[in-house]
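See below for upload.pdb, which holds PDB, C-alpha atoms, pLDDT in the B column.
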```
ATOM      1  CA  MET A  27     -30.081 -19.033  40.304  1.00 72.00           C
ATOM      2  CA  THR A  28     -28.323 -20.338  37.211  1.00 83.00           C
ATOM      3  CA  PHE A  29     -26.691 -18.607  34.258  1.00 88.00           C
ATOM      4  CA  ILE A  30     -26.637 -19.830  30.692  1.00 86.00           C
ATOM      5  CA  TYR A  31     -23.509 -19.410  28.528  1.00 84.00           C
ATOM      6  CA  LEU A  32     -22.725 -20.492  25.000  1.00 88.00           C
ATOM      7  CA  LEU A  33     -19.555 -22.402  24.172  1.00 87.00           C
ATOM      8  CA  GLU A  34     -18.077 -21.212  20.871  1.00 87.00           C
ATOM      9  CA  GLN A  35     -16.070 -23.402  18.496  1.00 83.00           C
ATOM     10  CA  SER A  36     -12.879 -21.653  19.583  1.00 84.00           C
ATOM     11  CA  GLY A  37     -13.535 -22.690  23.192  1.00 85.00           C
ATOM     12  CA  ALA A  38     -14.553 -19.187  24.267  1.00 89.00           C
ATOM     13  CA  ILE A  39     -17.568 -18.706  26.499  1.00 88.00           C
ATOM     14  CA  SER A  40     -20.065 -15.970  25.628  1.00 85.00           C
ATOM     15  CA  GLY A  41     -22.954 -14.792  27.732  1.00 86.00           C
ATOM     16  CA  PRO A  42     -24.813 -14.991  29.906  1.00 88.00           C
ATOM     17  CA  VAL A  43     -27.749 -15.302  27.556  1.00 84.00           C
ATOM     18  CA  VAL A  44     -31.469 -15.699  28.168  1.00 84.00           C
ATOM     19  CA  PHE A  45     -33.639 -18.211  26.333  1.00 82.00           C
ATOM     20  CA  PRO A  46     -37.378 -17.726  26.729  1.00 82.00           C
ATOM     21  CA  PRO A  47     -39.288 -20.947  27.415  1.00 81.00           C
ATOM     22  CA  VAL A  48     -41.110 -22.515  24.508  1.00 81.00           C
ATOM     23  CA  PRO A  49     -44.881 -22.496  25.199  1.00 82.00           C
ATOM     24  CA  GLY A  50     -46.101 -25.961  26.118  1.00 77.00           C
ATOM     25  CA  ILE A  51     -42.544 -27.371  26.150  1.00 81.00           C
ATOM     26  CA  GLY A  52     -40.491 -25.284  28.537  1.00 77.00           C
ATOM     27  CA  LEU A  53     -36.880 -24.178  28.385  1.00 79.00           C
ATOM     28  CA  GLN A  54     -34.972 -25.514  25.388  1.00 80.00           C
ATOM     29  CA  LEU A  55     -31.213 -25.046  25.161  1.00 81.00           C
ATOM     30  CA  PRO A  56     -28.957 -25.453  22.121  1.00 82.00           C
ATOM     31  CA  ALA A  57     -26.304 -28.162  22.124  1.00 82.00           C
ATOM     32  CA  ASN A  58     -23.491 -25.676  22.845  1.00 83.00           C
ATOM     33  CA  ALA A  59     -25.208 -24.196  25.917  1.00 84.00           C
ATOM     34  CA  MET A  60     -23.753 -24.637  29.378  1.00 83.00           C
ATOM     35  CA  VAL A  61     -25.327 -23.797  32.747  1.00 82.00           C
ATOM     36  CA  LEU A  62     -23.252 -22.271  35.544  1.00 83.00           C
ATOM     37  CA  GLU A  63     -24.256 -21.734  39.142  1.00 81.00           C
ATOM     38  CA  GLN A  64     -22.548 -18.337  39.266  1.00 83.00           C
ATOM     39  CA  ALA A  65     -22.099 -15.592  36.705  1.00 87.00           C
ATOM     40  CA  LEU A  66     -18.583 -15.136  35.405  1.00 89.00           C
ATOM     41  CA  PRO A  67     -16.987 -11.744  36.127  1.00 90.00           C
ATOM     42  CA  ALA A  68     -15.852  -9.565  33.257  1.00 89.00           C
ATOM     43  CA  PRO A  69     -12.575 -10.937  31.837  1.00 91.00           C
ATOM     44  CA  ASP A  70      -9.337  -8.996  32.067  1.00 92.00           C
ATOM     45  CA  THR A  71      -8.426  -6.705  29.191  1.00 90.00           C
ATOM     46  CA  GLY A  72      -7.254  -8.722  26.192  1.00 90.00           C
ATOM     47  CA  LYS A  73      -8.653 -11.967  27.564  1.00 92.00           C
ATOM     48  CA  THR A  74     -11.856 -13.983  27.390  1.00 92.00           C
ATOM     49  CA  TRP A  75     -13.433 -16.752  29.403  1.00 91.00           C
ATOM     50  CA  ALA A  76     -12.981 -20.189  27.926  1.00 89.00           C
ATOM     51  CA  ILE A  77     -13.273 -23.844  28.862  1.00 81.00           C
ATOM     52  CA  SER A  78      -9.940 -25.590  29.395  1.00 79.00           C
ATOM     53  CA  ASN A  79      -9.776 -29.108  30.850  1.00 80.00           C
ATOM     54  CA  GLY A  80     -13.427 -28.785  31.843  1.00 77.00           C
ATOM     55  CA  GLU A  81     -12.941 -25.566  33.808  1.00 82.00           C
ATOM     56  CA  ALA A  82     -13.671 -21.919  33.077  1.00 86.00           C
ATOM     57  CA  VAL A  83     -10.392 -20.019  32.732  1.00 90.00           C
ATOM     58  CA  GLN A  84      -9.274 -16.770  31.190  1.00 91.00           C
ATOM     59  CA  LEU A  85      -7.200 -17.033  27.995  1.00 92.00           C
ATOM     60  CA  GLU A  86      -5.587 -14.414  25.796  1.00 91.00           C
ATOM     61  CA  ASP A  87      -7.944 -13.412  23.015  1.00 91.00           C
ATOM     62  CA  HIS A  88      -6.340 -12.218  19.792  1.00 91.00           C
ATOM     63  CA  ARG A  89      -9.066 -13.417  17.450  1.00 89.00           C
ATOM     64  CA  GLY A  90      -9.355 -11.223  14.410  1.00 91.00           C
ATOM     65  CA  PRO A  91      -6.899  -9.638  11.973  1.00 94.00           C
ATOM     66  CA  VAL A  92      -3.210 -10.289  12.673  1.00 93.00           C
ATOM     67  CA  TYR A  93      -0.081  -9.269  10.809  1.00 94.00           C
ATOM     68  CA  SER A  94       3.209 -10.885   9.909  1.00 92.00           C
ATOM     69  CA  THR A  95       6.134  -9.255  11.712  1.00 91.00           C
ATOM     70  CA  GLU A  96       8.297 -10.133   8.703  1.00 86.00           C
ATOM     71  CA  THR A  97       6.224  -8.854   5.800  1.00 87.00           C
ATOM     72  CA  GLY A  98       3.326  -6.959   7.398  1.00 89.00           C
ATOM     73  CA  ALA A  99       0.880  -9.156   5.457  1.00 91.00           C
ATOM     74  CA  GLU A 100      -2.574  -9.474   7.037  1.00 92.00           C
ATOM     75  CA  GLY A 101      -3.907 -12.807   8.242  1.00 93.00           C
ATOM     76  CA  TYR A 102      -6.599 -13.988  10.620  1.00 93.00           C
ATOM     77  CA  GLN A 103      -6.339 -15.553  14.073  1.00 91.00           C
ATOM     78  CA  SER A 104      -9.216 -17.818  15.078  1.00 88.00           C
ATOM     79  CA  GLU A 105      -7.730 -19.602  18.096  1.00 89.00           C
ATOM     80  CA  LEU A 106      -7.419 -18.435  21.684  1.00 90.00           C
ATOM     81  CA  GLY A 107      -4.135 -18.091  23.526  1.00 88.00           C
ATOM     82  CA  PRO A 108      -0.897 -16.215  22.851  1.00 90.00           C
ATOM     83  CA  LEU A 109      -0.166 -15.262  19.267  1.00 90.00           C
ATOM     84  CA  PRO A 110       2.275 -17.570  17.492  1.00 89.00           C
ATOM     85  CA  LEU A 111       5.791 -16.269  16.994  1.00 90.00           C
ATOM     86  CA  GLY A 112       5.973 -13.989  13.963  1.00 91.00           C
ATOM     87  CA  LEU A 113       2.475 -12.508  14.334  1.00 93.00           C
ATOM     88  CA  THR A 114       1.202  -9.298  15.910  1.00 91.00           C
ATOM     89  CA  ALA A 115      -2.207  -7.704  16.327  1.00 89.00           C
ATOM     90  CA  VAL A 116      -0.715  -4.305  15.426  1.00 91.00           C
ATOM     91  CA  PRO A 117      -0.811  -3.443  11.699  1.00 93.00           C
ATOM     92  CA  ARG A 118       2.354  -2.123  10.087  1.00 90.00           C
ATOM     93  CA  PRO A 119       1.979   1.694   9.909  1.00 86.00           C
ATOM     94  CA  GLY A 120       3.295   1.845   6.359  1.00 80.00           C
ATOM     95  CA  THR A 121       6.204   1.076   4.089  1.00 74.00           C
ATOM     96  CA  GLY A 122       9.664   1.463   5.567  1.00 73.00           C
ATOM     97  CA  TYR A 123       8.752  -0.120   8.897  1.00 84.00           C
ATOM     98  CA  GLN A 124      10.238  -3.293  10.370  1.00 82.00           C
ATOM     99  CA  TRP A 125       9.422  -5.250  13.517  1.00 87.00           C
ATOM    100  CA  GLN A 126      11.913  -4.645  16.308  1.00 81.00           C
ATOM    101  CA  ASP A 127      11.724  -5.091  20.090  1.00 80.00           C
ATOM    102  CA  ASP A 128       8.002  -5.939  20.086  1.00 83.00           C
ATOM    103  CA  GLY A 129       7.001  -2.969  17.949  1.00 88.00           C
ATOM    104  CA  TRP A 130       7.099  -1.472  14.467  1.00 89.00           C
ATOM    105  CA  VAL A 131      10.142   0.735  13.965  1.00 85.00           C
ATOM    106  CA  ARG A 132      10.845   2.809  10.902  1.00 81.00           C
ATOM    107  CA  SER A 133      13.929   1.403   9.220  1.00 82.00           C
ATOM    108  CA  ALA A 134      16.217   3.841   7.425  1.00 89.00           C
ATOM    109  CA  ALA A 135      17.341   1.187   4.940  1.00 87.00           C
ATOM    110  CA  ALA A 136      13.806  -0.018   4.156  1.00 84.00           C
ATOM    111  CA  LEU A 137      12.481   3.528   3.917  1.00 88.00           C
ATOM    112  CA  PHE A 138      15.336   4.439   1.568  1.00 92.00           C
ATOM    113  CA  GLU A 139      14.370   1.612  -0.801  1.00 89.00           C
ATOM    114  CA  SER A 140      10.674   2.525  -0.789  1.00 88.00           C
ATOM    115  CA  GLN A 141      11.444   6.222  -1.353  1.00 92.00           C
ATOM    116  CA  LEU A 142      13.871   5.374  -4.149  1.00 94.00           C
ATOM    117  CA  LEU A 143      11.185   3.314  -5.846  1.00 94.00           C
ATOM    118  CA  ALA A 144       8.653   6.132  -5.417  1.00 93.00           C
ATOM    119  CA  ILE A 145      11.011   8.616  -7.090  1.00 96.00           C
ATOM    120  CA  ASN A 146      11.671   6.293 -10.025  1.00 96.00           C
ATOM    121  CA  GLN A 147       7.958   5.689 -10.479  1.00 96.00           C
ATOM    122  CA  ALA A 148       7.127   9.390 -10.274  1.00 96.00           C
ATOM    123  CA  CYS A 149       9.808  10.239 -12.826  1.00 96.00           C
ATOM    124  CA  GLU A 150       8.606   7.555 -15.222  1.00 96.00           C
ATOM    125  CA  ARG A 151       5.011   8.687 -14.809  1.00 96.00           C
ATOM    126  CA  VAL A 152       5.881  12.265 -15.805  1.00 96.00           C
ATOM    127  CA  VAL A 153       8.218  11.220 -18.629  1.00 97.00           C
ATOM    128  CA  THR A 154       5.482   9.126 -20.212  1.00 97.00           C
ATOM    129  CA  ALA A 155       2.697  11.683 -19.654  1.00 96.00           C
ATOM    130  CA  GLY A 156       3.520  13.618 -22.834  1.00 96.00           C
ATOM    131  CA  PHE A 157       5.432  16.782 -23.723  1.00 97.00           C
ATOM    132  CA  MET A 158       5.163  19.979 -25.737  1.00 96.00           C
ATOM    133  CA  SER A 159       7.140  20.895 -28.846  1.00 97.00           C
ATOM    134  CA  SER A 160       6.970  23.917 -31.148  1.00 96.00           C
ATOM    135  CA  ALA A 161       8.672  22.128 -34.030  1.00 97.00           C
ATOM    136  CA  LEU A 162       5.654  22.915 -36.243  1.00 96.00           C
ATOM    137  CA  GLY A 163       5.835  26.635 -35.393  1.00 95.00           C
ATOM    138  CA  GLU A 164       3.082  26.473 -32.749  1.00 94.00           C
ATOM    139  CA  PRO A 165       3.091  24.433 -29.526  1.00 94.00           C
ATOM    140  CA  HIS A 166       1.787  20.908 -30.039  1.00 96.00           C
ATOM    141  CA  PHE A 167       1.403  18.093 -27.539  1.00 96.00           C
ATOM    142  CA  TYR A 168       3.100  14.758 -28.221  1.00 97.00           C
ATOM    143  CA  ASP A 169       2.417  11.481 -26.431  1.00 96.00           C
ATOM    144  CA  SER A 170       5.440   9.842 -24.810  1.00 97.00           C
ATOM    145  CA  GLN A 171       4.552   6.347 -23.717  1.00 97.00           C
ATOM    146  CA  LEU A 172       7.309   3.857 -24.523  1.00 96.00           C
ATOM    147  CA  TYR A 173       5.738   2.889 -27.838  1.00 96.00           C
ATOM    148  CA  ASP A 174       5.355   6.589 -28.699  1.00 96.00           C
ATOM    149  CA  GLN A 175       9.054   7.091 -28.021  1.00 97.00           C
ATOM    150  CA  LEU A 176       9.875   4.133 -30.288  1.00 97.00           C
ATOM    151  CA  ASN A 177       7.609   5.510 -33.026  1.00 96.00           C
ATOM    152  CA  LEU A 178       9.319   8.894 -32.809  1.00 97.00           C
ATOM    153  CA  THR A 179      12.769   7.311 -32.976  1.00 97.00           C
ATOM    154  CA  GLY A 180      11.738   5.306 -36.023  1.00 97.00           C
ATOM    155  CA  ALA A 181      10.340   8.379 -37.749  1.00 97.00           C
ATOM    156  CA  ILE A 182      13.546  10.333 -37.098  1.00 97.00           C
ATOM    157  CA  LEU A 183      15.761   7.499 -38.352  1.00 97.00           C
ATOM    158  CA  ARG A 184      13.708   7.288 -41.536  1.00 95.00           C
ATOM    159  CA  GLY A 185      15.037  10.744 -42.392  1.00 95.00           C
ATOM    160  CA  ALA A 186      12.107  11.782 -44.548  1.00 97.00           C
ATOM    161  CA  ASP A 187       9.008  13.985 -44.367  1.00 97.00           C
ATOM    162  CA  MET A 188       6.006  12.118 -42.966  1.00 97.00           C
ATOM    163  CA  PRO A 189       2.784  12.585 -40.997  1.00 97.00           C
ATOM    164  CA  PHE A 190       3.184  12.176 -37.232  1.00 97.00           C
ATOM    165  CA  SER A 191       0.591  12.113 -34.447  1.00 96.00           C
ATOM    166  CA  CYS A 192       0.234  15.160 -32.192  1.00 96.00           C
ATOM    167  CA  ARG A 193      -2.397  17.460 -30.715  1.00 95.00           C
ATOM    168  CA  ASP A 194      -2.896  21.148 -31.410  1.00 90.00           C
ATOM    169  CA  GLY A 195      -4.176  23.801 -29.034  1.00 80.00           C
ATOM    170  CA  SER A 196      -7.752  22.547 -29.329  1.00 81.00           C
ATOM    171  CA  GLY A 197      -6.682  19.165 -28.007  1.00 78.00           C
ATOM    172  CA  GLY A 198      -7.652  17.276 -31.137  1.00 84.00           C
ATOM    173  CA  ARG A 199      -5.337  14.446 -32.087  1.00 89.00           C
ATOM    174  CA  LYS A 200      -4.311  14.296 -35.724  1.00 93.00           C
ATOM    175  CA  PHE A 201      -1.448  13.268 -37.975  1.00 95.00           C
ATOM    176  CA  CYS A 202       0.322  16.437 -39.052  1.00 96.00           C
ATOM    177  CA  LEU A 203       2.895  16.462 -41.801  1.00 97.00           C
ATOM    178  CA  HIS A 204       6.388  16.913 -40.333  1.00 97.00           C
ATOM    179  CA  SER A 205       9.545  17.516 -42.279  1.00 97.00           C
ATOM    180  CA  ALA A 206      12.575  15.435 -41.357  1.00 97.00           C
ATOM    181  CA  ALA A 207      14.030  18.469 -39.618  1.00 97.00           C
ATOM    182  CA  GLN A 208      10.829  19.017 -37.643  1.00 98.00           C
ATOM    183  CA  LEU A 209      10.809  15.390 -36.513  1.00 98.00           C
ATOM    184  CA  ARG A 210      14.395  15.784 -35.315  1.00 98.00           C
ATOM    185  CA  GLN A 211      13.326  18.911 -33.431  1.00 98.00           C
ATOM    186  CA  VAL A 212      10.487  17.021 -31.744  1.00 98.00           C
ATOM    187  CA  GLY A 213      13.000  14.341 -30.753  1.00 97.00           C
ATOM    188  CA  ASP A 214      15.427  16.950 -29.402  1.00 98.00           C
ATOM    189  CA  ASP A 215      12.654  18.639 -27.412  1.00 98.00           C
ATOM    190  CA  PHE A 216      11.686  15.315 -25.865  1.00 98.00           C
ATOM    191  CA  THR A 217      15.312  14.484 -25.037  1.00 97.00           C
ATOM    192  CA  LEU A 218      15.776  17.823 -23.252  1.00 97.00           C
ATOM    193  CA  TYR A 219      12.461  17.409 -21.435  1.00 97.00           C
ATOM    194  CA  LYS A 220      13.380  13.911 -20.310  1.00 97.00           C
ATOM    195  CA  MET A 221      16.868  14.940 -19.195  1.00 97.00           C
ATOM    196  CA  GLU A 222      15.402  17.700 -17.010  1.00 96.00           C
ATOM    197  CA  LEU A 223      13.213  15.140 -15.284  1.00 97.00           C
ATOM    198  CA  LEU A 224      16.099  12.689 -14.850  1.00 97.00           C
ATOM    199  CA  GLN A 225      18.198  15.464 -13.309  1.00 96.00           C
ATOM    200  CA  LYS A 226      15.363  16.258 -10.928  1.00 96.00           C
ATOM    201  CA  ALA A 227      15.154  12.590  -9.939  1.00 96.00           C
ATOM    202  CA  ASN A 228      18.913  12.525  -9.421  1.00 96.00           C
ATOM    203  CA  GLN A 229      18.762  15.514  -7.057  1.00 95.00           C
ATOM    204  CA  LEU A 230      16.169  13.711  -4.968  1.00 96.00           C
ATOM    205  CA  LYS A 231      18.244  10.527  -4.935  1.00 97.00           C
ATOM    206  CA  LEU A 232      21.236  12.520  -3.675  1.00 96.00           C
ATOM    207  CA  LEU A 233      19.060  13.782  -0.818  1.00 95.00           C
ATOM    208  CA  LEU A 234      18.106  10.194  -0.044  1.00 96.00           C
ATOM    209  CA  ASP A 235      21.754   9.114  -0.085  1.00 96.00           C
ATOM    210  CA  GLN A 236      22.673  11.868   2.369  1.00 95.00           C
ATOM    211  CA  ALA A 237      19.768  11.055   4.690  1.00 94.00           C
ATOM    212  CA  LEU A 238      20.603   7.352   4.625  1.00 94.00           C
ATOM    213  CA  ALA A 239      24.253   8.026   5.418  1.00 94.00           C
ATOM    214  CA  ALA A 240      23.108  10.042   8.450  1.00 93.00           C
ATOM    215  CA  ALA A 241      20.467   7.419   9.359  1.00 89.00           C
ATOM    216  CA  ASP A 242      18.000  10.326   9.408  1.00 90.00           C
ATOM    217  CA  VAL A 243      14.592   8.672   9.089  1.00 87.00           C
ATOM    218  CA  ALA A 244      12.697  11.975   9.194  1.00 88.00           C
ATOM    219  CA  ALA A 245      14.786  13.380   6.336  1.00 92.00           C
ATOM    220  CA  LEU A 246      14.235  10.216   4.302  1.00 92.00           C
ATOM    221  CA  ALA A 247      10.486  10.410   4.805  1.00 88.00           C
ATOM    222  CA  ALA A 248      10.417  14.088   3.818  1.00 92.00           C
ATOM    223  CA  VAL A 249      11.879  13.554   0.337  1.00 94.00           C
ATOM    224  CA  SER A 250       9.234  13.640  -2.376  1.00 93.00           C
ATOM    225  CA  TRP A 251       8.965  14.313  -6.087  1.00 93.00           C
ATOM    226  CA  GLU A 252       7.578  17.798  -5.411  1.00 84.00           C
ATOM    227  CA  ASP A 253      10.668  18.813  -3.435  1.00 56.00           C
ATOM    228  CA  VAL A 254      12.637  19.886  -6.521  1.00 53.00           C
ATOM    229  CA  GLN A 255      11.283  22.093  -9.277  1.00 47.00           C
ATOM    230  CA  SER A 256      12.017  20.662 -12.709  1.00 43.00           C
TER     231      SER A 256
END
```

Whole structure given in structure tokens:
Amino acid sequence: MTFIYLLEQSGAISGPVVFPPVPGIGLQLPANAMVLEQALPAPDTGKTWAISNGEAVQLEDHRGPVYSTETGAEGYQSELGPLPLGLTAVPRPGTGYQWQDDGWVRSAAALFESQLLAINQACERVVTAGFMSSALGEPHFYDSQLYDQLNLTGAILRGADMPFSCRDGSGGRKFCLHSAAQLRQVGDDFTLYKMELLQKANQLKLLLDQALAAADVAALAAVSWEDVQS
């Protein structure tokens, strides 16, 4: 009895496979087919059968997604055999991890940097999301993207009454006439609002500093923007 296997471009052997005979012609095999007298046993875990120097041998099989042990970036392994130095088949679990002793280990220093960035981004996101001011007598919403902040500063420096964009309780955006004093009040309200958020961010950064000094990875990971009420 014979067994038919297919030789893949990587050198791996797949099969056995069965090809039905073609009526009137007989058995037709593709160019990459090979016939063995005995069936190959199941390969060991993490290995595959392959042809090396004309013989069937078992080789490590890491074909598929692989990851840089330096950056965690994903790549693809198409060849058989051990993975090249600097690659692993294990994806990095998340930010703040570094490769150490054949595994991903959470680094206090790396986690500190990623958490610090997350706090800065969260603070900026809230600062620029808009704020409320009652300078007109009733609460109105004011946009606070960077260009909105520059527009407000310019209006205040002008020192004169002028229309300025805001939204009333119905949510409709319109240019309402503000006196110079009201514009200054809007600016003061925004400054106080922003300072509260910056103080909140600073409290979180102090927690990060303390956790880093203690090399406490769990404490570093636990710090988040929601930890402190602004």

Spatial neighbours of Gly80 of chain A, max dist 12 Å, only C-alpha atoms, sep filter under 4 positions, as an MDAnalysis selection string: chainID A and resid 33 37 60 76

What is the distance between atom CA of Gly129 of chain A and atom CA of Leu109 of chain A, in Å to one decimal?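 Distance between the two atoms: 14.3 Å.
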
Residues at most 12 Å from Ala135 of chain A, counting all atoms listed in the file, excluding those fewer than 2 positions away in the same chain, as a VMD selection string? chain A and resid 121 to 124 131 to 133 137 to 142 234 to 235 237 to 243 246 to 247

Mind dumping the selected residues with C-alpha atoms as a PDB file, in the coordinates of the input?
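Resulting contents of part_4.pdb:
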```pdb
ATOM      1  CA  THR A 121       6.204   1.076   4.089  1.00 74.00           C
ATOM      2  CA  GLY A 122       9.664   1.463   5.567  1.00 73.00           C
ATOM      3  CA  TYR A 123       8.752  -0.120   8.897  1.00 84.00           C
ATOM      4  CA  GLN A 124      10.238  -3.293  10.370  1.00 82.00           C
ATOM      5  CA  VAL A 131      10.142   0.735  13.965  1.00 85.00           C
ATOM      6  CA  ARG A 132      10.845   2.809  10.902  1.00 81.00           C
ATOM      7  CA  SER A 133      13.929   1.403   9.220  1.00 82.00           C
ATOM      8  CA  LEU A 137      12.481   3.528   3.917  1.00 88.00           C
ATOM      9  CA  PHE A 138      15.336   4.439   1.568  1.00 92.00           C
ATOM     10  CA  GLU A 139      14.370   1.612  -0.801  1.00 89.00           C
ATOM     11  CA  SER A 140      10.674   2.525  -0.789  1.00 88.00           C
ATOM     12  CA  GLN A 141      11.444   6.222  -1.353  1.00 92.00           C
ATOM     13  CA  LEU A 142      13.871   5.374  -4.149  1.00 94.00           C
ATOM     14  CA  LEU A 234      18.106  10.194  -0.044  1.00 96.00           C
ATOM     15  CA  ASP A 235      21.754   9.114  -0.085  1.00 96.00           C
ATOM     16  CA  ALA A 237      19.768  11.055   4.690  1.00 94.00           C
ATOM     17  CA  LEU A 238      20.603   7.352   4.625  1.00 94.00           C
ATOM     18  CA  ALA A 239      24.253   8.026   5.418  1.00 94.00           C
ATOM     19  CA  ALA A 240      23.108  10.042   8.450  1.00 93.00           C
ATOM     20  CA  ALA A 241      20.467   7.419   9.359  1.00 89.00           C
ATOM     21  CA  ASP A 242      18.000  10.326   9.408  1.00 90.00           C
ATOM     22  CA  VAL A 243      14.592   8.672   9.089  1.00 87.00           C
ATOM     23  CA  LEU A 246      14.235  10.216   4.302  1.00 92.00           C
ATOM     24  CA  ALA A 247      10.486  10.410   4.805  1.00 88.00           C
TER      25      ALA A 247
END
```

Looking at A:Leu53, A:Val48, A:Leu143, A:Ala115, which one is nearest to Trp130 of chain A, with distances taken over all atoms listed in the file?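 Result for the nearest residue to Trp130 of chain A: A:Ala115.
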
For the file shown, report as a list of chain:residue names the outcome of the PyMOL selection byres ((chain A and resi 87) around 7) at residue level.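 So the PyMOL selection byres ((chain A and resi 87) around 7), applied here, picks out A:Gly72, A:Lys73, A:Thr74, A:Leu85, A:Glu86, A:His88, A:Arg89, A:Leu106, A:Gly107.
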
Quick one: distance from atom CA of Gly198 of chain A to atom CA of Lys220 of chain A in Å, one decimal?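 Separating atom CA of Gly198 of chain A from atom CA of Lys220 of chain A is a distance of 23.9 Å.
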
Restricting to all atoms listed in the file, whichever of A:Ala134, A:Val212, A:Ala181, A:Leu113 is closest to Gly156 of chain A is A:Val212

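Counting only C-alpha atoms, Ala59 of chain A has the following residues at most 7 Å away, ignoring those fewer than 3 positions along the same chain: Ile30, Tyr31, Leu32, Leu33, Leu55 and Pro56 of chain A.
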
Å distance separating atom CA of Ala38 of chain A from atom CA of Gln54 of chain A, one decimal place: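 Calculated distance between atom CA of Ala38 of chain A and atom CA of Gln54 of chain A is 21.4 Å.
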
Explicit residue set for the PyMOL selection byres ((chain A and resi 190) around 6), as JSON, numbers by chain: {"A": [189, 191, 201, 202]}

What lies within 12 Å of Met27 of chain A using only C-alpha atoms, ignoring chain neighbours under 5 positions off, as a PyMOL selection string? chain A and resi 61-65

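Of the residues listed (A:Leu218, A:Leu172, A:Leu223, A:Leu230), A:Leu230 shows the shortest atom-to-atom separation from Ser250 of chain A; distances use all atoms listed in the file.
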
Pick the closest to Phe216 of chain A from A:Trp251, A:Phe157, A:Phe45, A:Tyr102: which is it, counting all atoms listed in the file? A:Phe157

Neighbouring residues of Gly195 of chain A were defined as those with any atom within 10 Å, considering only C-alpha atoms; residues of the same chain fewer than 2 positions away were excluded. Please report them as a list of chain:residue names. A:Glu164, A:Pro165, A:His166, A:Phe167, A:Arg193, A:Gly197, A:Gly198, A:Arg199

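Minimum distance to Ile182 of chain A across A:Thr71, A:Gln84, A:Ser160, A:Gln211 (counting all atoms listed in the file) occurs at A:Gln211.
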
The PyMOL selection byres ((chain A and resi 225) around 12) resolved against shown file, as a list in words: Ile145, Asn146, Cys149, Leu218, Tyr219, Lys220, Met221, Glu222, Leu223, Leu224, Lys226, Ala227, Asn228, Gln229, Leu230, Lys231, Leu232, Trp251, Val254, Gln255 and Ser256 of chain A

When you count all atoms listed in the file, which of these residues is closest to Ser40 of chain A: A:Val153, A:Ile77, A:Ala186, A:Ala57? A:Ile77
